[in-house]
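So the structure is just underneath, and the comments pick up after that.
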Amino acid sequence: MIKYRLICKDCETIFDSWFSSSKEYERLKKKNFLNCHICSSLSVEKTLMSPSVFISKNNSKTVNQIKKYKETKEIILKYQEFIKKNFDYVGENFTYEARSVHYKNKKVSKGIYGTATKKDLKELKEEGIVVELIPWIKNNTN
Ligand SMILES: [Zn+2]
C-alpha cells in the first residue's frame, strides 16, 4: 500500500489517499476515477511530498533490506560512539590540526576528528597525512 497526498487544483483541498501501488494511482487518474471529495473536480494531482510506504509483512525482501539498513545504521552509530570516545573533536579546524600533528609532532594522546572538504582531504593525502573518511549520520532516535 502506498499513501499519496493529493491536492485539488480547483479548491486547493489537500487530502491523503491510499493506493495499492503507484501504478494503481496512474490507472485511476487516467480513467478519471480520482476526484476531489469537496468539489468533485477531476483536477486532482499528487503533491510533491514523498509518499509513505506501508510494507506488508509478506514482503520479506523489502523487510530484510530495511533490517539490513537498520543494522548498518547501528554499526555506523557504534562506530561514531567509538570515534567520539577515543578521538578529540576539532570541528572545522580539522585540516589545520591534522597538519599540526603531522608536521610539528604536536603531542596528542588521542586521534582527532572533524570536518573537512573533499579538497582538503585530497591535499592532506597528497602530503602523506593519513586521513579516513567515515560515514556520519545523525541519530534521529535520540
Ligand atoms: Zn476540490
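Identifiers for the C-alpha cells are assigned positionally: chains receive A, B, ... in sequence, residues are indexed from 1 per chain, and ligands are indexed from 1 in the order shown.
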Name the residues, by chain letter and number, that sit within 6 Å of ligand 1 using only C-alpha atoms and all ligand atoms, and give them as a PyMOL selection string. chain A and resi 8+10-11+13+36+38-41
Run DSSP on the backbone and give me the residues of range 53-96 of chain A it puts in helix (DSSP H, G or I), as a PyMOL selection string. chain A and resi 60-86+94-96
Please run DSSP on the backbone and report, as a list in words, all residues within chain A that come out as strand (DSSP E).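 So, restricting chain A to strand (DSSP E), we get Ile2, Lys3, Tyr4, Arg5, Leu6, Ile7, Cys8, Ile14, Phe15, Asp16, Ser17, Trp18, Phe19, Val44, Glu45, Lys46, Ser52, Val53, Phe87, Asp88, Tyr89, Val90, Gly91, Gly111, Ile112, Tyr113 and Gly114 of chain A.
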Please save C-alpha atoms of the selected residues as an mmCIF file, in the first residue's frame.
data_model
loop_
_atom_site.group_PDB
_atom_site.id
_atom_site.type_symbol
_atom_site.label_atom_id
_atom_site.label_comp_id
_atom_site.auth_asym_id
_atom_site.auth_seq_id
_atom_site.Cartn_x
_atom_site.Cartn_y
_atom_site.Cartn_z
ATOM 1 C CA ILE A 2 1.151 3.479 -0.746
ATOM 2 C CA LYS A 3 -0.208 6.736 0.592
ATOM 3 C CA TYR A 4 -0.243 9.802 -1.561
ATOM 4 C CA ARG A 5 -1.048 13.296 -0.513
ATOM 5 C CA LEU A 6 -3.334 14.656 -3.198
ATOM 6 C CA ILE A 7 -4.250 18.215 -3.919
ATOM 7 C CA CYS A 8 -7.306 19.520 -5.717
ATOM 8 C CA ILE A 14 -5.313 18.542 0.371
ATOM 9 C CA PHE A 15 -6.203 15.007 1.307
ATOM 10 C CA ASP A 16 -4.494 11.649 1.724
ATOM 11 C CA SER A 17 -5.435 8.632 -0.261
ATOM 12 C CA TRP A 18 -4.244 5.054 -0.213
ATOM 13 C CA PHE A 19 -3.394 3.113 -3.355
ATOM 14 C CA VAL A 44 -6.506 16.176 -8.612
ATOM 15 C CA GLU A 45 -2.761 15.783 -8.501
ATOM 16 C CA LYS A 46 -0.150 14.187 -6.316
ATOM 17 C CA SER A 52 4.713 6.990 2.867
ATOM 18 C CA VAL A 53 5.130 3.347 2.156
ATOM 19 C CA PHE A 87 39.115 10.961 19.345
ATOM 20 C CA ASP A 88 39.068 14.665 20.019
ATOM 21 C CA TYR A 89 36.594 16.696 18.042
ATOM 22 C CA VAL A 90 38.255 19.657 16.349
ATOM 23 C CA GLY A 91 35.410 20.627 14.082
ATOM 24 C CA GLY A 111 43.360 10.978 17.425
ATOM 25 C CA ILE A 112 41.303 13.822 16.087
ATOM 26 C CA TYR A 113 38.159 14.049 14.065
ATOM 27 C CA GLY A 114 36.295 16.880 12.490
#
Non-local contacts of Lys29 in chain A (10 Å; only C-alpha atoms; under 4 positions in same chain excluded) as an MDAnalysis selection string: chainID A and resid 23:25 33:35 42:45
Write the residues of the selection above to a file with N, CA, C and O atoms, as a short mmCIF file (atom, residue, chain, number, x, y, z; two decimals), in the first residue's frame.
data_model
loop_
_atom_site.label_atom_id
_atom_site.label_comp_id
_atom_site.auth_asym_id
_atom_site.auth_seq_id
_atom_site.Cartn_x
_atom_site.Cartn_y
_atom_site.Cartn_z
N LYS A 23 1.26 2.45 -9.72
CA LYS A 23 0.58 2.16 -10.99
C LYS A 23 -0.93 2.27 -10.84
O LYS A 23 -1.62 2.72 -11.74
N GLU A 24 -1.41 1.83 -9.70
CA GLU A 24 -2.83 1.91 -9.40
C GLU A 24 -3.29 3.38 -9.43
O GLU A 24 -4.33 3.72 -9.97
N TYR A 25 -2.44 4.23 -8.87
CA TYR A 25 -2.75 5.65 -8.87
C TYR A 25 -2.85 6.17 -10.31
O TYR A 25 -3.81 6.84 -10.68
N PHE A 33 -11.02 8.45 -12.36
CA PHE A 33 -11.67 7.94 -11.15
C PHE A 33 -11.23 8.72 -9.91
O PHE A 33 -11.74 8.50 -8.82
N LEU A 34 -10.26 9.60 -10.12
CA LEU A 34 -9.80 10.38 -8.99
C LEU A 34 -10.48 11.74 -9.01
O LEU A 34 -10.31 12.50 -9.95
N ASN A 35 -11.26 12.00 -8.01
CA ASN A 35 -11.85 13.33 -7.96
C ASN A 35 -11.87 13.87 -6.55
O ASN A 35 -11.77 13.13 -5.57
N LEU A 42 -11.94 17.03 -11.20
CA LEU A 42 -11.03 15.97 -11.61
C LEU A 42 -9.59 16.44 -11.65
O LEU A 42 -8.68 15.66 -11.96
N SER A 43 -9.38 17.72 -11.36
CA SER A 43 -8.01 18.25 -11.36
C SER A 43 -7.29 17.92 -10.05
O SER A 43 -6.92 18.80 -9.29
N VAL A 44 -7.16 16.63 -9.83
CA VAL A 44 -6.51 16.18 -8.61
C VAL A 44 -5.11 15.68 -8.96
O VAL A 44 -4.94 14.92 -9.90
N GLU A 45 -4.15 16.15 -8.21
CA GLU A 45 -2.76 15.78 -8.50
C GLU A 45 -2.05 15.34 -7.23
O GLU A 45 -2.41 15.75 -6.14
#
Give the answer as one residue: which of A:Asn32, A:Ile137, A:Ser22, A:Met1 has the shortest atom-to-atom distance to Thr72 in chain A, using only C-alpha atoms?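 Nearest to Thr72 in chain A: A:Ile137.
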In Å, rounded to a single decimal, give me how far CA of Pro135 in chain A is from CA of Ile76 in chain A.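 Computing it gives 7.0 Å between the two atoms.
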Excluding Ile134 in chain A and its own-chain neighbours fewer than 5 positions away, which residues fall within 12 Å of it when counting only C-alpha atoms? Please give them as a PyMOL selection string. chain A and resi 75-77+79-80+83+113-116+121
